[in-house]
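Peer 1: query.cif is reproduced in full below (mmCIF, C-alpha atoms).
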data_entry
#
loop_
_atom_site.label_atom_id
_atom_site.label_comp_id
_atom_site.auth_asym_id
_atom_site.auth_seq_id
_atom_site.Cartn_x
_atom_site.Cartn_y
_atom_site.Cartn_z
CA MET A 288 8.65 -0.16 -15.72
CA LEU A 289 10.39 0.85 -12.50
CA LYS A 290 7.46 3.10 -11.59
CA THR A 291 5.03 0.15 -11.97
CA LEU A 292 7.18 -2.11 -9.78
CA LYS A 293 7.37 0.56 -7.06
CA GLN A 294 3.58 0.91 -7.13
CA ILE A 295 3.14 -2.86 -6.80
CA ALA A 296 5.58 -2.96 -3.87
CA SER A 297 3.85 -0.07 -2.07
CA ILE A 298 0.31 -1.53 -2.39
CA GLY A 299 1.20 -5.13 -1.57
CA ILE A 300 -0.96 -8.17 -2.21
CA VAL A 301 -4.68 -7.49 -2.28
CA THR A 302 -7.02 -10.47 -2.32
CA GLU A 303 -10.63 -11.20 -1.58
CA PRO A 304 -11.64 -13.28 1.45
CA ALA A 305 -12.36 -16.94 0.82
CA PRO A 306 -15.98 -17.65 -0.18
CA PRO A 307 -18.24 -19.45 2.31
CA ALA A 308 -18.68 -23.21 1.98
CA ASP A 309 -21.00 -24.14 -0.87
CA GLU A 310 -24.14 -26.18 -0.07
CA SER A 311 -23.53 -28.35 -3.14
CA LEU A 312 -20.36 -29.69 -1.52
CA ARG A 313 -22.47 -31.28 1.20
CA VAL A 314 -24.63 -32.92 -1.46
CA ARG A 315 -21.51 -34.21 -3.19
CA ASP A 316 -20.08 -35.68 0.03
CA ALA A 317 -23.37 -37.36 0.92
CA LEU A 318 -23.66 -38.74 -2.60
CA GLN A 319 -20.16 -40.19 -2.58
CA GLU A 320 -20.73 -41.83 0.81
CA GLN A 321 -24.08 -43.24 -0.32
CA ILE A 322 -22.62 -44.69 -3.55
CA ARG A 323 -19.80 -46.42 -1.71
CA SER A 324 -22.15 -47.85 0.95
CA VAL A 325 -24.76 -49.12 -1.52
CA LEU A 326 -22.59 -50.36 -4.37
CA GLY A 327 -19.10 -50.57 -2.90
CA ARG A 328 -17.81 -49.25 -6.24
CA ALA A 329 -18.55 -46.63 -8.88
CA LEU A 330 -22.13 -45.93 -9.95
CA CYS A 331 -22.49 -46.59 -13.68
CA ILE A 332 -25.17 -44.59 -15.47
CA ARG A 333 -26.55 -45.13 -18.96
CA HIS A 334 -28.15 -41.98 -20.33
CA VAL A 335 -31.06 -42.51 -22.75
CA ASP A 336 -32.39 -39.57 -24.75
CA ALA A 337 -35.98 -40.58 -25.49
CA GLY A 338 -36.83 -37.46 -27.49
CA SER A 339 -35.71 -34.41 -25.51
CA CYS A 340 -34.84 -30.90 -26.66
CA ASN A 341 -31.27 -31.38 -25.33
CA GLY A 342 -31.70 -28.88 -22.47
CA CYS A 343 -31.36 -31.66 -19.90
CA GLU A 344 -28.36 -33.07 -21.78
CA LEU A 345 -26.54 -29.75 -21.40
CA GLU A 346 -27.00 -29.98 -17.62
CA ILE A 347 -25.86 -33.61 -17.63
CA HIS A 348 -22.73 -32.57 -19.53
CA ALA A 349 -22.17 -29.84 -16.94
CA LEU A 350 -21.95 -32.62 -14.32
CA ASN A 351 -18.76 -33.82 -16.01
CA ASN A 352 -16.95 -30.46 -15.73
CA PRO A 353 -14.38 -29.73 -13.01
CA VAL A 354 -16.94 -27.96 -10.79
CA TYR A 355 -19.08 -31.07 -10.19
CA ASN A 356 -16.45 -33.72 -11.07
CA LEU A 357 -18.65 -36.81 -11.31
CA GLU A 358 -15.69 -39.11 -11.86
CA GLY A 359 -14.24 -37.99 -8.53
CA LEU A 360 -17.54 -38.84 -6.84
CA GLY A 361 -17.50 -42.39 -8.13
CA ILE A 362 -20.08 -41.85 -10.88
CA ARG A 363 -19.43 -42.53 -14.52
CA PHE A 364 -21.42 -42.78 -17.70
CA VAL A 365 -21.23 -46.01 -19.68
CA ALA A 366 -22.02 -46.77 -23.31
CA SER A 367 -23.97 -49.97 -22.73
CA PRO A 368 -26.98 -50.62 -20.49
CA ARG A 369 -25.42 -54.03 -19.73
CA HIS A 370 -22.77 -52.24 -17.67
CA ALA A 371 -25.17 -49.77 -16.01
CA ASP A 372 -26.68 -49.60 -12.53
CA MET A 373 -28.99 -46.72 -13.42
CA LEU A 374 -30.85 -45.47 -16.48
CA LEU A 375 -31.09 -41.68 -16.71
CA VAL A 376 -33.90 -40.97 -19.17
CA THR A 377 -34.58 -37.51 -20.61
CA GLY A 378 -37.43 -36.22 -22.72
CA PRO A 379 -40.95 -37.38 -23.46
CA VAL A 380 -40.79 -40.89 -24.92
CA SER A 381 -41.37 -40.54 -28.63
CA ARG A 382 -43.18 -43.45 -30.32
CA HIS A 383 -40.10 -44.52 -32.26
CA MET A 384 -38.03 -44.72 -29.02
CA VAL A 385 -40.40 -47.05 -27.10
CA VAL A 386 -38.76 -50.29 -28.27
CA ALA A 387 -35.23 -48.94 -27.76
CA LEU A 388 -36.05 -47.71 -24.24
CA ARG A 389 -37.60 -51.04 -23.27
CA ARG A 390 -34.58 -52.91 -24.66
CA ALA A 391 -32.23 -50.68 -22.66
CA TYR A 392 -34.33 -51.30 -19.54
CA ASP A 393 -34.36 -55.07 -20.10
CA ALA A 394 -30.60 -55.14 -20.76
CA THR A 395 -29.79 -53.33 -17.50
CA PRO A 396 -28.89 -55.89 -14.82
CA GLU A 397 -30.78 -56.11 -11.52
CA PRO A 398 -30.98 -54.21 -9.23
CA LYS A 399 -31.60 -51.40 -11.68
CA LEU A 400 -32.64 -47.84 -11.00
CA VAL A 401 -34.53 -45.57 -13.38
CA VAL A 402 -34.48 -41.80 -13.06
CA ALA A 403 -36.77 -39.64 -15.22
CA LEU A 404 -35.10 -36.28 -15.78
CA GLY A 405 -36.77 -32.97 -16.60
CA ASP A 406 -40.39 -31.93 -16.87
CA CYS A 407 -40.78 -33.84 -20.13
CA GLY A 408 -39.51 -37.09 -18.60
CA CYS A 409 -41.64 -36.64 -15.46
CA THR A 410 -44.94 -35.50 -16.95
CA GLY A 411 -44.59 -35.37 -20.72
CA GLY A 412 -44.01 -31.63 -20.51
CA ILE A 413 -45.45 -29.45 -23.24
CA PHE A 414 -45.59 -32.46 -25.57
CA GLY A 415 -47.87 -34.62 -23.43
CA GLU A 416 -49.32 -37.72 -25.05
CA SER A 417 -50.08 -37.58 -28.75
CA TYR A 418 -49.73 -39.48 -32.00
CA ALA A 419 -45.95 -38.94 -31.80
CA SER A 420 -45.32 -39.12 -28.04
CA CYS A 421 -46.07 -41.61 -25.28
CA GLY A 422 -45.59 -38.82 -22.72
CA ARG A 423 -43.75 -39.42 -19.46
CA VAL A 424 -41.15 -42.16 -19.01
CA ALA A 425 -43.31 -43.98 -16.45
CA ASN A 426 -45.80 -44.75 -19.24
CA VAL A 427 -43.18 -47.04 -20.81
CA ILE A 428 -40.91 -48.37 -18.02
CA PRO A 429 -41.02 -48.28 -14.18
CA VAL A 430 -39.50 -45.09 -12.72
CA ASP A 431 -37.86 -44.92 -9.29
CA VAL A 432 -37.25 -41.17 -9.05
CA ALA A 433 -38.46 -38.21 -11.09
CA ILE A 434 -36.42 -35.00 -11.16
CA PRO A 435 -38.60 -32.08 -12.35
CA GLY A 436 -37.26 -28.90 -13.88
CA CYS A 437 -36.85 -27.45 -17.34
CA PRO A 438 -34.00 -28.24 -17.23
CA PRO A 439 -33.05 -29.21 -13.67
CA SER A 440 -29.77 -27.81 -12.37
CA PRO A 441 -26.76 -30.10 -11.97
CA THR A 442 -27.19 -29.91 -8.17
CA ARG A 443 -30.82 -31.07 -8.49
CA ILE A 444 -29.67 -33.93 -10.72
CA LEU A 445 -27.12 -34.97 -8.08
CA GLN A 446 -29.84 -34.79 -5.41
CA GLY A 447 -32.09 -36.99 -7.57
CA ILE A 448 -29.34 -39.56 -8.00
CA LEU A 449 -28.87 -39.54 -4.22
CA ALA A 450 -32.64 -40.03 -3.77
CA ALA A 451 -32.56 -42.98 -6.19
CA LEU A 452 -29.72 -44.59 -4.24
CA HIS A 453 -31.62 -43.95 -1.00
CA THR A 454 -34.68 -45.64 -2.53
CA SER A 455 -32.53 -48.60 -3.62
CA ARG A 456 -31.01 -48.94 -0.16
CA ALA A 457 -34.44 -48.77 1.55
CA SER A 458 -35.94 -51.38 -0.77
CA ALA A 459 -32.93 -53.66 -0.26
CA ALA A 460 -33.42 -53.40 3.50
CA GLY A 461 -37.13 -54.19 3.12
CA ALA A 462 -38.23 -50.82 4.49
CA SER A 463 -40.80 -48.67 2.80
CA GLU A 464 -39.84 -45.02 3.15
CA THR A 465 -41.46 -42.03 1.60
CA LEU A 466 -39.01 -39.57 0.08
CA ASP A 467 -39.53 -35.86 -0.37
CA SER A 468 -38.74 -36.18 -4.06
CA PRO A 469 -41.56 -37.35 -6.33
CA ALA A 470 -40.76 -41.06 -6.51
CA ARG A 471 -43.07 -43.27 -8.47
CA ARG A 472 -43.26 -46.93 -9.32
CA ALA A 473 -45.33 -47.52 -12.45
#
Using structure tokens, write down the structure from this file.

Peer 2:
Amino acid sequence: MLKTLKQIASIGIVTEPAPPADESLRVRDALQEQIRSVLGRALCIRHVDAGSCNGCELEIHALNNPVYNLEGLGIRFVASPRHADMLLVTGPVSRHMVVALRRAYDATPEPKLVVALGDCGCTGGIFGESYASCGRVANVIPVDVAIPGCPPSPTRILQGILAALHTSRASAAGASETLDSPARRA
């Protein structure tokens, strides 16, 4: 034991240098500032799974871990669309989810934002339109922002939420801006 302590004392403390600043931190700061300026409070999101494979849900759950810390950014998920500012819809809309998705959309108070998440929500993905699927979310309800990816990373999801807030702010000001993200109004 004494030999080990002597070795520790002779070597000293060895650590790695601090990592460089992460680009996602800038996205987080911009998102928090945007939420506070647009809403003045927390952004409440209602997630609707319209028939996905749960890949996008895993990335959404990753947003709640300590790395991304959505609660600290002023974003929280709610259980009712009546309390939501934004609907986050994943998956191609299966035929049996059409009525439920429309009810959730109608129950969300104005001004409401809709974000289609993942390739399936944006385009219908590999499922497309068939006897069992209506395809993309925009075929059923109006979509403000589409976030492609199979599944999109948590950072891309945060960027999409920021784009949706930017769209909301521009429409509230009466300006018509074109965003780099694929935004559609159906």

Peer 1: What lies within 12 Å of Gly436 (chain A) using only C-alpha atoms, ignoring chain neighbours under 2 positions off, as a PyMOL selection string?

Peer 2: chain A and resi 342-343+346+377-378+403-412+433-434+438-444+447

Peer 1: Please indicate the distance in Å from CA of His453 (chain A) to CA of Glu397 (chain A), rounded to one decimal place.

Peer 2: 16.1 Å

Peer 1: Box time for region 395-404 of chain A: axis-aligned, enclosing all its listed atoms, 3 Å extra on each side; report centre and edge lengths in Å to one decimal, as lines of an AutoDock Vina configuration file.

Peer 2:
center_x = -32.8
center_y = -46.2
center_z = -13.4
size_x = 13.9
size_y = 25.8
size_z = 14.3

Peer 1: Applied to this file, what does the PyMOL selection byres ((chain A and resi 372) around 9) return in terms of residues, put as number ranges by chain?

Peer 2: A: 330-333, 368-371, 373-374, 395-401

Peer 1: Between CA of Asn351 (chain A) and CA of Pro379 (chain A), what is the spacing in Å?

Peer 2: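 It comes out at 23.7 Å.
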
Peer 1: Hey, which of A:Ala349, A:Val380, A:Ala394, A:Leu388 ends up closest to Cys421 (chain A)? Count all atoms listed in the file.

Peer 2: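 Under the stated criterion, the closest residue is A:Val380.
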
Peer 1: In terms of the shortest atom-to-atom distance over all atoms listed in the file, which of A:His383, A:Val432, A:Val376, A:Asp316 is closest to Tyr355 (chain A)?

Peer 2: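 Nearest candidate to Tyr355 (chain A) out of A:His383, A:Val432, A:Val376, A:Asp316: A:Asp316.
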
Peer 1: One decimal, Å: what's the distance from CA of Gly338 (chain A) over to CA of Ser420 (chain A), could you say?

Peer 2: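 Calculated distance between CA of Gly338 (chain A) and CA of Ser420 (chain A) is 8.7 Å.
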
Peer 1: Name the residues that the PyMOL selection byres ((chain A and resi 319) around 10) picks from the file above, as a PDB file with C-alpha atoms, in the frame of the given file, using the file's chain letters and numbers.

Peer 2:
ATOM      1  CA  ARG A 313     -22.470 -31.280   1.200  1.00  0.00           C
ATOM      2  CA  VAL A 314     -24.630 -32.920  -1.460  1.00  0.00           C
ATOM      3  CA  ARG A 315     -21.510 -34.210  -3.190  1.00  0.00           C
ATOM      4  CA  ASP A 316     -20.080 -35.680   0.030  1.00  0.00           C
ATOM      5  CA  ALA A 317     -23.370 -37.360   0.920  1.00  0.00           C
ATOM      6  CA  LEU A 318     -23.660 -38.740  -2.600  1.00  0.00           C
ATOM      7  CA  GLU A 320     -20.730 -41.830   0.810  1.00  0.00           C
ATOM      8  CA  GLN A 321     -24.080 -43.240  -0.320  1.00  0.00           C
ATOM      9  CA  ILE A 322     -22.620 -44.690  -3.550  1.00  0.00           C
ATOM     10  CA  ARG A 323     -19.800 -46.420  -1.710  1.00  0.00           C
ATOM     11  CA  SER A 324     -22.150 -47.850   0.950  1.00  0.00           C
ATOM     12  CA  ALA A 329     -18.550 -46.630  -8.880  1.00  0.00           C
ATOM     13  CA  LEU A 330     -22.130 -45.930  -9.950  1.00  0.00           C
ATOM     14  CA  LEU A 357     -18.650 -36.810 -11.310  1.00  0.00           C
ATOM     15  CA  GLY A 359     -14.240 -37.990  -8.530  1.00  0.00           C
ATOM     16  CA  LEU A 360     -17.540 -38.840  -6.840  1.00  0.00           C
ATOM     17  CA  GLY A 361     -17.500 -42.390  -8.130  1.00  0.00           C
ATOM     18  CA  ILE A 362     -20.080 -41.850 -10.880  1.00  0.00           C
ATOM     19  CA  LEU A 449     -28.870 -39.540  -4.220  1.00  0.00           C
TER      20      LEU A 449
END
